[in-house]
$ cat data-v8.tsv   # TSV, C-alpha atoms
chain	number	residue	atom	x	y	z
P	1	MET	CA	0.64	-10.88	35.44
P	2	SER	CA	-2.15	-8.29	35.39
P	3	ASP	CA	-4.23	-7.71	32.28
P	4	THR	CA	-2.89	-4.15	31.92
P	5	THR	CA	0.76	-5.28	32.06
P	6	PHE	CA	0.08	-8.10	29.62
P	7	MET	CA	-1.67	-5.68	27.25
P	8	LEU	CA	1.28	-3.25	27.30
P	9	ILE	CA	3.82	-6.03	26.70
P	10	GLU	CA	1.64	-7.54	23.96
P	11	THR	CA	1.25	-4.19	22.19
P	12	ALA	CA	4.99	-3.46	22.34
P	13	ILE	CA	5.85	-6.89	20.95
P	14	LYS	CA	3.27	-6.52	18.16
P	15	ALA	CA	4.64	-3.10	17.20
P	16	LEU	CA	8.22	-4.41	17.04
P	17	ILE	CA	7.16	-7.45	15.02
P	18	ILE	CA	5.18	-5.33	12.54
P	19	LEU	CA	8.08	-2.92	12.09
P	20	ALA	CA	10.63	-5.71	11.67
P	21	VAL	CA	8.55	-7.98	9.44
P	22	ILE	CA	7.12	-5.26	7.19
P	23	ALA	CA	10.50	-3.53	6.79
P	24	THR	CA	12.05	-6.91	5.88
P	25	LEU	CA	9.25	-7.73	3.46
P	26	ALA	CA	9.57	-4.26	1.91
P	27	GLY	CA	13.24	-4.91	1.23
P	28	LEU	CA	12.44	-8.36	-0.11
P	29	GLY	CA	9.77	-6.77	-2.30
P	30	THR	CA	12.44	-4.87	-4.24
P	31	TYR	CA	14.15	-8.19	-5.02
P	32	LEU	CA	10.89	-9.83	-6.05
P	33	GLU	CA	9.99	-6.90	-8.29
P	34	ARG	CA	13.34	-7.05	-10.07
P	35	LYS	CA	12.94	-10.78	-10.57
P	36	VAL	CA	9.35	-10.48	-11.82
P	37	LEU	CA	10.22	-7.68	-14.24
P	38	ALA	CA	13.29	-9.58	-15.44
P	39	TYR	CA	11.23	-12.71	-16.11
P	40	MET	CA	8.62	-10.75	-18.04
P	41	GLN	CA	11.28	-8.92	-20.07
P	42	ARG	CA	13.40	-12.02	-20.72
P	43	ARG	CA	16.25	-10.93	-18.47
P	44	ILE	CA	17.95	-12.59	-15.53
P	45	GLY	CA	17.65	-9.97	-12.83
P	46	PRO	CA	19.76	-10.20	-9.63
P	47	TRP	CA	21.79	-13.41	-9.68
P	48	MET	CA	25.38	-12.87	-8.53
P	49	VAL	CA	25.04	-11.98	-4.82
P	50	GLY	CA	23.90	-15.02	-2.89
P	51	PRO	CA	21.73	-17.94	-4.09
P	52	ALA	CA	19.61	-16.69	-7.02
P	53	GLY	CA	20.72	-13.16	-6.11
P	54	ILE	CA	18.70	-13.08	-2.85
P	55	ALA	CA	21.54	-11.41	-0.94
P	56	GLN	CA	21.29	-8.44	-3.31
P	57	VAL	CA	18.76	-6.99	-0.85
P	58	ALA	CA	21.36	-6.86	1.91
P	59	ALA	CA	23.95	-5.49	-0.52
P	60	ASP	CA	21.57	-2.69	-1.54
P	61	MET	CA	20.88	-1.81	2.09
P	62	ILE	CA	24.61	-1.63	2.87
P	63	LYS	CA	25.12	0.56	-0.20
P	64	LEU	CA	22.34	2.95	0.87
P	65	PHE	CA	23.68	3.19	4.43
P	66	CYS	CA	27.22	3.89	3.23
P	67	LYS	CA	26.34	6.21	0.35
P	68	GLU	CA	26.96	9.92	0.89
P	69	ASP	CA	23.90	11.82	2.09
P	70	THR	CA	23.90	14.87	-0.17
P	71	ILE	CA	21.65	17.89	0.32
P	72	PRO	CA	21.18	20.55	-2.41
P	73	ALA	CA	22.85	23.86	-1.60
P	74	ASN	CA	19.65	25.92	-1.73
P	75	ALA	CA	17.39	23.33	-0.09
P	76	ASN	CA	15.58	23.85	3.18
P	77	ARG	CA	17.79	21.47	5.13
P	78	THR	CA	15.48	20.78	8.08
P	79	ILE	CA	12.39	20.00	6.02
P	80	PHE	CA	14.46	18.13	3.45
P	81	LYS	CA	15.75	15.80	6.18
P	82	ILE	CA	12.44	15.00	7.89
P	83	ALA	CA	10.33	14.48	4.74
P	84	PRO	CA	11.24	10.77	4.22
P	85	PHE	CA	10.39	9.95	7.84
P	86	ILE	CA	6.93	11.51	7.50
P	87	SER	CA	6.15	9.24	4.57
P	88	SER	CA	7.44	6.10	6.28
P	89	ALA	CA	5.69	6.93	9.57
P	90	GLY	CA	2.34	7.28	7.80
P	91	ALA	CA	2.84	3.96	6.03
P	92	PHE	CA	3.58	2.06	9.25
P	93	VAL	CA	0.99	3.78	11.47
P	94	ALA	CA	-1.71	2.84	8.96
P	95	MET	CA	-1.11	-0.83	9.83
P	96	ALA	CA	-2.31	-0.47	13.44
P	97	PRO	CA	-5.95	-1.64	12.98
P	98	ILE	CA	-5.22	-4.22	10.25
P	99	PRO	CA	-5.69	-7.87	11.37
P	100	PHE	CA	-3.00	-9.64	9.38
P	101	LEU	CA	-3.89	-13.16	10.61
P	102	PRO	CA	-6.71	-14.84	12.57
P	103	GLU	CA	-6.74	-14.96	16.35
P	104	PHE	CA	-4.73	-17.60	18.17
P	105	THR	CA	-4.29	-18.67	21.79
P	106	ILE	CA	-1.00	-18.65	23.72
P	107	PHE	CA	-0.54	-19.21	27.47
P	108	GLY	CA	-4.30	-19.28	27.84
P	109	ARG	CA	-4.73	-15.81	26.33
P	110	THR	CA	-6.29	-14.94	22.98
P	111	ILE	CA	-3.97	-12.93	20.74
P	112	THR	CA	-5.24	-10.87	17.82
P	113	PRO	CA	-2.45	-10.14	15.27
P	114	MET	CA	-3.17	-6.39	15.14
P	115	LEU	CA	-2.18	-3.44	17.30
P	116	SER	CA	-5.70	-2.21	18.00
P	117	ASP	CA	-9.22	-3.14	16.95
P	118	ILE	CA	-10.38	0.40	16.28
P	119	SER	CA	-14.11	0.76	15.67
P	120	VAL	CA	-13.37	3.09	12.73
P	121	GLY	CA	-10.52	0.98	11.40
P	122	ILE	CA	-11.17	1.68	7.71
P	123	LEU	CA	-11.12	5.44	8.21
P	124	PHE	CA	-7.97	5.19	10.32
P	125	VAL	CA	-6.09	3.17	7.70
P	126	LEU	CA	-7.05	5.46	4.82
P	127	GLY	CA	-6.42	8.58	6.89
P	128	ALA	CA	-3.02	7.46	8.19
P	129	SER	CA	-1.81	6.23	4.79
P	130	SER	CA	-2.86	9.53	3.22
P	131	THR	CA	-0.38	11.40	5.46
P	132	CYS	CA	2.38	10.00	3.25
P	133	ILE	CA	1.43	12.77	0.84
P	134	TYR	CA	2.96	15.36	3.19
P	135	GLY	CA	6.39	13.72	3.08
P	136	LEU	CA	6.35	13.60	-0.71
P	137	LEU	CA	5.01	17.15	-0.95
P	138	ILE	CA	7.43	18.91	1.39
P	139	GLY	CA	10.33	16.75	0.19
P	140	GLY	CA	9.85	18.03	-3.35
P	141	LEU	CA	9.24	21.61	-2.27
P	142	ALA	CA	12.30	21.67	0.02
P	143	SER	CA	14.61	20.29	-2.68
P	144	TYR	CA	14.71	23.58	-4.63
P	145	ASN	CA	14.52	21.58	-7.87
P	146	LYS	CA	12.00	22.12	-10.67
P	147	TRP	CA	11.60	18.39	-11.35
P	148	SER	CA	11.00	17.73	-7.67
P	149	LEU	CA	8.50	20.61	-7.59
P	150	LEU	CA	6.58	19.15	-10.54
P	151	GLY	CA	6.62	15.75	-8.88
P	152	SER	CA	5.21	17.23	-5.64
P	153	MET	CA	2.44	19.03	-7.50
P	154	ARG	CA	1.48	15.82	-9.27
P	155	THR	CA	1.53	14.03	-5.92
P	156	VAL	CA	-1.07	16.40	-4.51
P	157	LEU	CA	-3.10	16.23	-7.71
P	158	GLN	CA	-3.37	12.45	-7.89
P	159	LEU	CA	-3.47	11.46	-4.23
P	160	ILE	CA	-6.11	13.96	-3.08
P	161	SER	CA	-8.29	13.13	-6.07
P	162	PHE	CA	-8.12	9.38	-5.63
P	163	GLU	CA	-8.39	9.39	-1.85
P	164	ILE	CA	-11.96	10.54	-2.40
P	165	ILE	CA	-12.54	7.65	-4.78
P	166	ASN	CA	-10.85	5.30	-2.32
P	167	ILE	CA	-13.33	5.91	0.49
P	168	LEU	CA	-16.36	6.19	-1.81
P	169	SER	CA	-15.64	2.71	-3.20
P	170	LEU	CA	-15.82	1.26	0.33
P	171	ILE	CA	-19.05	2.97	1.42
P	172	PRO	CA	-21.29	0.26	-0.15
P	173	ILE	CA	-19.48	-2.41	1.90
P	174	ILE	CA	-19.75	-0.30	5.05
P	175	MET	CA	-23.48	0.09	4.35
P	176	MET	CA	-23.90	-3.68	3.98
P	177	VAL	CA	-21.96	-4.53	7.15
P	178	GLY	CA	-23.05	-1.56	9.25
P	179	SER	CA	-19.59	-1.12	10.73
P	180	LEU	CA	-16.24	0.55	10.01
P	181	SER	CA	-14.29	-2.15	11.84
P	182	ILE	CA	-12.13	-4.28	9.57
P	183	ILE	CA	-12.75	-7.36	11.72
P	184	ASP	CA	-16.52	-6.89	11.40
P	185	ILE	CA	-16.16	-6.68	7.62
P	186	VAL	CA	-14.09	-9.88	7.56
P	187	ASN	CA	-16.58	-11.69	9.82
P	188	ALA	CA	-19.43	-10.63	7.51
P	189	GLN	CA	-17.78	-12.68	4.74
P	190	ASN	CA	-17.63	-15.84	6.83
P	191	GLY	CA	-19.38	-18.89	5.43
P	192	GLY	CA	-17.46	-19.65	2.26
P	193	ILE	CA	-16.22	-18.16	-0.96
P	194	GLY	CA	-19.73	-17.24	-2.05
P	195	ASN	CA	-19.98	-14.65	0.73
P	196	TRP	CA	-16.95	-12.64	-0.42
P	197	PHE	CA	-17.81	-9.03	-1.18
P	198	VAL	CA	-16.00	-9.20	-4.52
P	199	TRP	CA	-19.10	-10.99	-5.88
P	200	SER	CA	-21.69	-8.58	-4.51
P	201	GLN	CA	-19.57	-5.44	-5.13
P	202	PRO	CA	-17.32	-6.20	-8.15
P	203	ILE	CA	-17.33	-2.61	-9.42
P	204	CYS	CA	-16.32	-1.31	-6.00
P	205	PHE	CA	-13.49	-3.83	-5.96
P	206	ILE	CA	-12.17	-2.63	-9.34
P	207	ILE	CA	-12.44	1.02	-8.26
P	208	PHE	CA	-10.65	0.34	-4.96
P	209	LEU	CA	-7.95	-1.64	-6.78
P	210	ILE	CA	-7.28	1.26	-9.16
P	211	ALA	CA	-7.25	3.73	-6.27
P	212	SER	CA	-4.80	1.46	-4.42
P	213	PHE	CA	-2.35	1.74	-7.32
P	214	ILE	CA	-2.60	5.51	-7.02
P	215	GLU	CA	-2.08	5.49	-3.26
P	216	CYS	CA	0.96	3.25	-3.62
P	217	ASN	CA	2.37	5.37	-6.45
P	218	ARG	CA	2.57	2.42	-8.80
P	219	THR	CA	2.56	2.05	-12.59
P	220	PRO	CA	0.48	2.82	-14.63
P	221	PHE	CA	-0.57	5.68	-12.33
P	222	CYS	CA	2.90	6.70	-11.17
P	223	LEU	CA	2.82	10.44	-11.87
P	224	THR	CA	4.76	11.33	-8.73
P	225	GLU	CA	7.86	9.48	-9.90
P	226	ASN	CA	7.38	9.27	-13.66
P	227	ASP	CA	10.87	8.29	-14.82
P	228	PRO	CA	10.49	9.25	-18.53
P	229	GLU	CA	9.41	12.80	-17.60
P	230	LEU	CA	10.58	13.73	-14.11
P	231	VAL	CA	13.71	11.59	-13.55
P	232	ALA	CA	12.50	10.56	-10.08
P	233	GLY	CA	9.91	13.22	-9.28
P	234	CYS	CA	9.92	14.58	-5.76
P	235	THR	CA	12.76	12.23	-4.72
P	236	THR	CA	15.15	13.40	-7.48
P	237	ALA	CA	17.44	15.26	-5.06
P	238	TYR	CA	17.54	12.51	-2.44
P	239	SER	CA	20.39	10.02	-2.03
P	240	GLY	CA	21.60	7.41	0.39
P	241	MET	CA	19.37	6.17	3.16
P	242	ARG	CA	16.87	9.02	2.87
P	243	PHE	CA	16.02	7.81	-0.61
P	244	GLY	CA	15.85	4.27	0.79
P	245	ILE	CA	13.30	5.37	3.42
P	246	PHE	CA	11.01	6.71	0.68
P	247	PHE	CA	11.41	3.35	-1.04
P	248	ILE	CA	10.55	1.39	2.10
P	249	ALA	CA	7.42	3.54	2.62
P	250	GLU	CA	6.25	2.75	-0.92
P	251	TYR	CA	6.62	-1.00	-0.51
P	252	ALA	CA	5.10	-0.90	2.98
P	253	ASN	CA	2.06	0.76	1.41
P	254	ILE	CA	1.90	-2.00	-1.22
P	255	ILE	CA	1.87	-4.62	1.55
P	256	THR	CA	-0.82	-2.69	3.43
P	257	TYR	CA	-3.12	-2.41	0.44
P	258	SER	CA	-2.51	-6.02	-0.63
P	259	VAL	CA	-3.66	-7.14	2.82
P	260	LEU	CA	-6.58	-4.67	2.77
P	261	ILE	CA	-7.88	-5.95	-0.58
P	262	ALA	CA	-7.75	-9.51	0.73
P	263	LEU	CA	-9.56	-8.52	3.92
P	264	LEU	CA	-12.27	-6.32	2.43
P	265	PHE	CA	-13.19	-8.22	-0.73
P	266	PHE	CA	-11.83	-11.78	-0.53
P	267	GLY	CA	-12.84	-13.07	2.88
P	268	GLY	CA	-9.59	-12.18	4.63
P	269	PHE	CA	-8.41	-14.82	7.06
P	270	ASN	CA	-11.60	-16.90	6.88
P	271	SER	CA	-10.85	-20.48	5.91
P	272	THR	CA	-11.32	-21.20	2.22
P	273	TRP	CA	-12.31	-24.79	1.40
P	274	PHE	CA	-9.57	-26.94	2.95
P	275	ILE	CA	-7.07	-24.07	3.31
P	276	PRO	CA	-6.74	-22.80	6.92
P	277	GLY	CA	-7.33	-19.12	7.63
P	278	ALA	CA	-3.72	-18.01	8.15
P	279	LEU	CA	-2.47	-19.72	4.99
P	280	SER	CA	-5.47	-18.45	3.03
P	281	MET	CA	-4.66	-14.88	4.09
P	282	ILE	CA	-1.00	-15.20	3.10
P	283	ILE	CA	-1.91	-16.60	-0.33
P	284	LYS	CA	-4.43	-13.84	-1.06
P	285	ALA	CA	-2.15	-11.00	0.07
P	286	SER	CA	0.80	-12.49	-1.83
P	287	PHE	CA	-1.24	-12.70	-5.02
P	288	PHE	CA	-2.18	-9.02	-4.89
P	289	PHE	CA	1.38	-8.05	-4.01
P	290	PHE	CA	2.46	-9.90	-7.16
P	291	PHE	CA	-0.31	-8.14	-9.10
P	292	PHE	CA	1.16	-4.75	-8.13
P	293	LEU	CA	4.53	-5.89	-9.49
P	294	TRP	CA	3.11	-7.49	-12.64
P	295	ALA	CA	1.22	-4.31	-13.59
P	296	ARG	CA	4.48	-2.38	-13.86
P	297	ALA	CA	5.66	-4.67	-16.67
P	298	ALA	CA	2.29	-4.93	-18.41
P	299	TRP	CA	0.84	-1.42	-18.66
P	300	PRO	CA	2.20	1.95	-19.88
P	301	HIS	CA	1.96	5.22	-17.94
P	302	LEU	CA	-1.11	7.42	-18.17
P	303	ARG	CA	-0.79	11.13	-18.85
P	304	PRO	CA	-1.89	13.47	-16.03
P	305	ASP	CA	-4.97	14.61	-17.99
P	306	GLN	CA	-5.97	10.99	-18.67
P	307	LEU	CA	-5.62	10.16	-14.98
P	308	MET	CA	-7.81	13.08	-13.91
P	309	ALA	CA	-10.40	12.23	-16.55
P	310	LEU	CA	-10.46	8.65	-15.26
P	311	CYS	CA	-10.95	9.91	-11.71
P	312	TRP	CA	-13.65	12.55	-12.13
P	313	LYS	CA	-15.44	11.40	-15.27
P	314	VAL	CA	-15.45	7.62	-14.78
P	315	LEU	CA	-14.64	6.42	-11.27
P	316	MET	CA	-16.46	9.16	-9.34
P	317	PRO	CA	-19.83	8.62	-11.12
P	318	LEU	CA	-19.42	4.85	-10.80
P	319	SER	CA	-18.70	5.11	-7.07
P	320	LEU	CA	-21.73	7.32	-6.44
P	321	ALA	CA	-23.89	5.02	-8.58
P	322	MET	CA	-22.82	1.98	-6.52
P	323	ILE	CA	-23.65	3.81	-3.28
P	324	PHE	CA	-27.10	4.68	-4.64
P	325	ILE	CA	-27.76	1.15	-5.94
P	326	THR	CA	-26.60	-0.46	-2.70
P	327	GLY	CA	-28.86	1.83	-0.70
P	328	ILE	CA	-31.86	0.92	-2.89
P	329	VAL	CA	-31.14	-2.82	-2.56
P	330	LEU	CA	-30.75	-2.60	1.21
P	331	LEU	CA	-34.00	-0.68	1.54
$ encode --input "data-v8.tsv" --output "structure tokens"
Amino acid sequence: MSDTTFMLIETAIKALIILAVIATLAGLGTYLERKVLAYMQRRIGPWMVGPAGIAQVAADMIKLFCKEDTIPANANRTIFKIAPFISSAGAFVAMAPIPFLPEFTIFGRTITPMLSDISVGILFVLGASSTCIYGLLIGGLASYNKWSLLGSMRTVLQLISFEIINILSLIPIIMMVGSLSIIDIVNAQNGGIGNWFVWSQPICFIIFLIASFIECNRTPFCLTENDPELVAGCTTAYSGMRFGIFFIAEYANIITYSVLIALLFFGGFNSTWFIPGALSMIIKASFFFFFFLWARAAWPHLRPDQLMALCWKVLMPLSLAMIFITGIVLL
């Protein structure tokens, strides 16, 4: 088999595996969130369908597929229909340059568990994931619903603001490594737990973590879908599988950012003590996925003005200060 043919087959298999595994994990994430919230609120959570309620995920998917797909009478039908797919496409495309696990060898060939090692991987991930904003925006605008409109406006407000913070928080790491490749950043942390960037850039880690909550539309920064105020924000008018696609995109983003945090600040798939690289990566990403779920039960929502004050008055100056300090130290 020629190298070109092998590369095409390898890429196709990787894409199918990523779509299947991430979509499955996104569905499983809804079950885990309900269980985590139930435990923290002294409830049971799903328990009737299957062992410990695990089959509730399949039951929910069947319900969403079979539920009537309603469209508001005055909505822009074409835009209303395609909006969920824009959000989900952005969430999955962003995974292309992310190395989920370390390299391994099969049939004498080295396989890297990622679609493409792009030299500007960080920019690609942040840029692709930011396209989810268009699905949320046009979905709310096309719904012809005032709550959806307010949700869309808040989406633009929070995501555009914090996307700036997102990239600024990573510039000090990019300066230290001298590369935008995610693999180069992971390799720069090789040599043990002491080389993790969370120790040399703790403020950047906290800023990126907060911005990740914004990008994933998670509590306490969930202004897009603030249940006490907006019912369901820009997805209020959606039902059936279209609503489910928005849901899958949100949990796919959580998985993406959980993996990114582990890669950029916690050594990624480098072996930690006696724990092999692949298992180390799974443990780190799982912990941050749990952290996203735990935060929903622990913290209240912020008001829009509080969120903007946090962005422009606190996180922006801190990000710029860390860039300046890192530059001075490197010089």
$ residues_around --input "data-v8.tsv" --residues "region 172-184 of chain P" --least-positions-apart "4" --cutoff "9 Å" --atoms "all atoms listed in the file" --output "number ranges by chain"
P: 97-99, 117-123, 168, 188-189, 197, 201, 204, 260, 263-265, 319, 322-327, 330
$ closest_residue --input "data-v8.tsv" --among "P:Met61, P:Ile86, P:Met316, P:Leu159" --to "Gly244 (chain P)" --atoms "all atoms listed in the file"
P:Met61
$ residues_around --input "data-v8.tsv" --residues "Ser148 (chain P)" --least-positions-apart "4" --cutoff "8 Å" --atoms "only C-alpha atoms" --output "list in words"
Gly139, Gly140, Leu141, Ser143, Tyr144, Ser152, Leu230, Ala232, Gly233, Cys234, Thr235, Thr236 and Ala237 of chain P
$ residues_around --input "data-v8.tsv" --residues "region 68-71 of chain P" --least-positions-apart "5" --cutoff "9 Å" --atoms "only C-alpha atoms" --output "PDB file with C-alpha atoms, in the coordinates of the input"
ATOM      1  CA  ASN P  76      15.580  23.850   3.180  1.00  0.00           C
ATOM      2  CA  ARG P  77      17.790  21.470   5.130  1.00  0.00           C
ATOM      3  CA  PHE P  80      14.460  18.130   3.450  1.00  0.00           C
ATOM      4  CA  LYS P  81      15.750  15.800   6.180  1.00  0.00           C
ATOM      5  CA  SER P 143      14.610  20.290  -2.680  1.00  0.00           C
ATOM      6  CA  ALA P 237      17.440  15.260  -5.060  1.00  0.00           C
ATOM      7  CA  TYR P 238      17.540  12.510  -2.440  1.00  0.00           C
ATOM      8  CA  SER P 239      20.390  10.020  -2.030  1.00  0.00           C
ATOM      9  CA  GLY P 240      21.600   7.410   0.390  1.00  0.00           C
ATOM     10  CA  MET P 241      19.370   6.170   3.160  1.00  0.00           C
ATOM     11  CA  ARG P 242      16.870   9.020   2.870  1.00  0.00           C
TER      12      ARG P 242
END
$ closest_residue --input "data-v8.tsv" --among "P:Ala55, P:Ile275, P:Ala38, P:Ile282" --to "Ile193 (chain P)" --atoms "only C-alpha atoms"
P:Ile275
$ closest_residue --input "data-v8.tsv" --among "P:Arg303, P:Ile171, P:Leu101, P:Met308" --to "Leu115 (chain P)" --atoms "only C-alpha atoms"
P:Leu101
$ closest_residue --input "data-v8.tsv" --among "P:Gln41, P:Thr30, P:Asn195, P:Thr78" --to "Phe289 (chain P)" --atoms "only C-alpha atoms"
P:Thr30
$ closest_residue --input "data-v8.tsv" --among "P:Phe205, P:Tyr257, P:Phe6, P:Trp196" --to "Ser271 (chain P)" --atoms "only C-alpha atoms"
P:Trp196
$ atom_distance --input "data-v8.tsv" --atom1 "CA of Leu137 (chain P)" --atom2 "CA of Ser88 (chain P)"
13.4 Å
$ atom_distance --input "data-v8.tsv" --atom1 "CA of Pro202 (chain P)" --atom2 "CA of Ile261 (chain P)"
12.1 Å
$ axis_aligned_box --input "data-v8.tsv" --around "region 156-175 of chain P" --padding-each-side "4 Å" --output "lines of an AutoDock Vina configuration file"
center_x = -12.3
center_y = 7.0
center_z = -1.4
size_x = 30.4
size_y = 26.8
size_z = 20.9
$ atom_distance --input "data-v8.tsv" --atom1 "CA of Leu315 (chain P)" --atom2 "CA of Gly194 (chain P)"
25.9 Å
$ closest_atom_pairs --input "data-v8.tsv" --of "region 58-149 of chain P" --to "region 209-217 of chain P" --cutoff "12 Å" --atoms "only C-alpha atoms" --output "JSON lines"
{"residue": "P:Ser87", "atom": "CA", "partner": "P:Cys216", "partner_atom": "CA", "distance": 11.4}
{"residue": "P:Ala91", "atom": "CA", "partner": "P:Cys216", "partner_atom": "CA", "distance": 9.9}
{"residue": "P:Val125", "atom": "CA", "partner": "P:Glu215", "partner_atom": "CA", "distance": 11.9}
{"residue": "P:Leu126", "atom": "CA", "partner": "P:Glu215", "partner_atom": "CA", "distance": 9.5}
{"residue": "P:Gly127", "atom": "CA", "partner": "P:Glu215", "partner_atom": "CA", "distance": 11.5}
{"residue": "P:Ala128", "atom": "CA", "partner": "P:Glu215", "partner_atom": "CA", "distance": 11.7}
{"residue": "P:Ser129", "atom": "CA", "partner": "P:Glu215", "partner_atom": "CA", "distance": 8.1}
{"residue": "P:Ser130", "atom": "CA", "partner": "P:Glu215", "partner_atom": "CA", "distance": 7.7}
{"residue": "P:Thr131", "atom": "CA", "partner": "P:Glu215", "partner_atom": "CA", "distance": 10.7}
{"residue": "P:Cys132", "atom": "CA", "partner": "P:Glu215", "partner_atom": "CA", "distance": 9.1}
{"residue": "P:Ile133", "atom": "CA", "partner": "P:Glu215", "partner_atom": "CA", "distance": 9.1}
{"residue": "P:Leu136", "atom": "CA", "partner": "P:Asn217", "partner_atom": "CA", "distance": 10.8}
$ residues_around --input "data-v8.tsv" --residues "Arg34 (chain P)" --least-positions-apart "6" --cutoff "10 Å" --atoms "all atoms listed in the file" --output "list of chain:residue names"
P:Met40, P:Arg43, P:Ile44, P:Gly45, P:Pro46, P:Leu293
$ residues_near_point --input "data-v8.tsv" --point "(-1.5, -16.0, 12.1)" --cutoff "9 Å" --atoms "all atoms listed in the file" --output "list in words"
Phe100, Leu101, Pro102, Glu103, Phe104, Thr112, Pro113, Phe269, Gly277, Ala278, Leu279 and Met281 of chain P
$ residues_near_point --input "data-v8.tsv" --point "(-0.4, 14.8, -11.4)" --cutoff "7 Å" --atoms "all atoms listed in the file" --output "list in words"
Met153, Arg154, Thr155, Leu157, Gln158, Leu223, Thr224 and Pro304 of chain P
$ closest_residue --input "data-v8.tsv" --among "P:Phe65, P:Trp273, P:Phe124, P:Phe291" --to "Phe243 (chain P)" --atoms "only C-alpha atoms"
P:Phe65
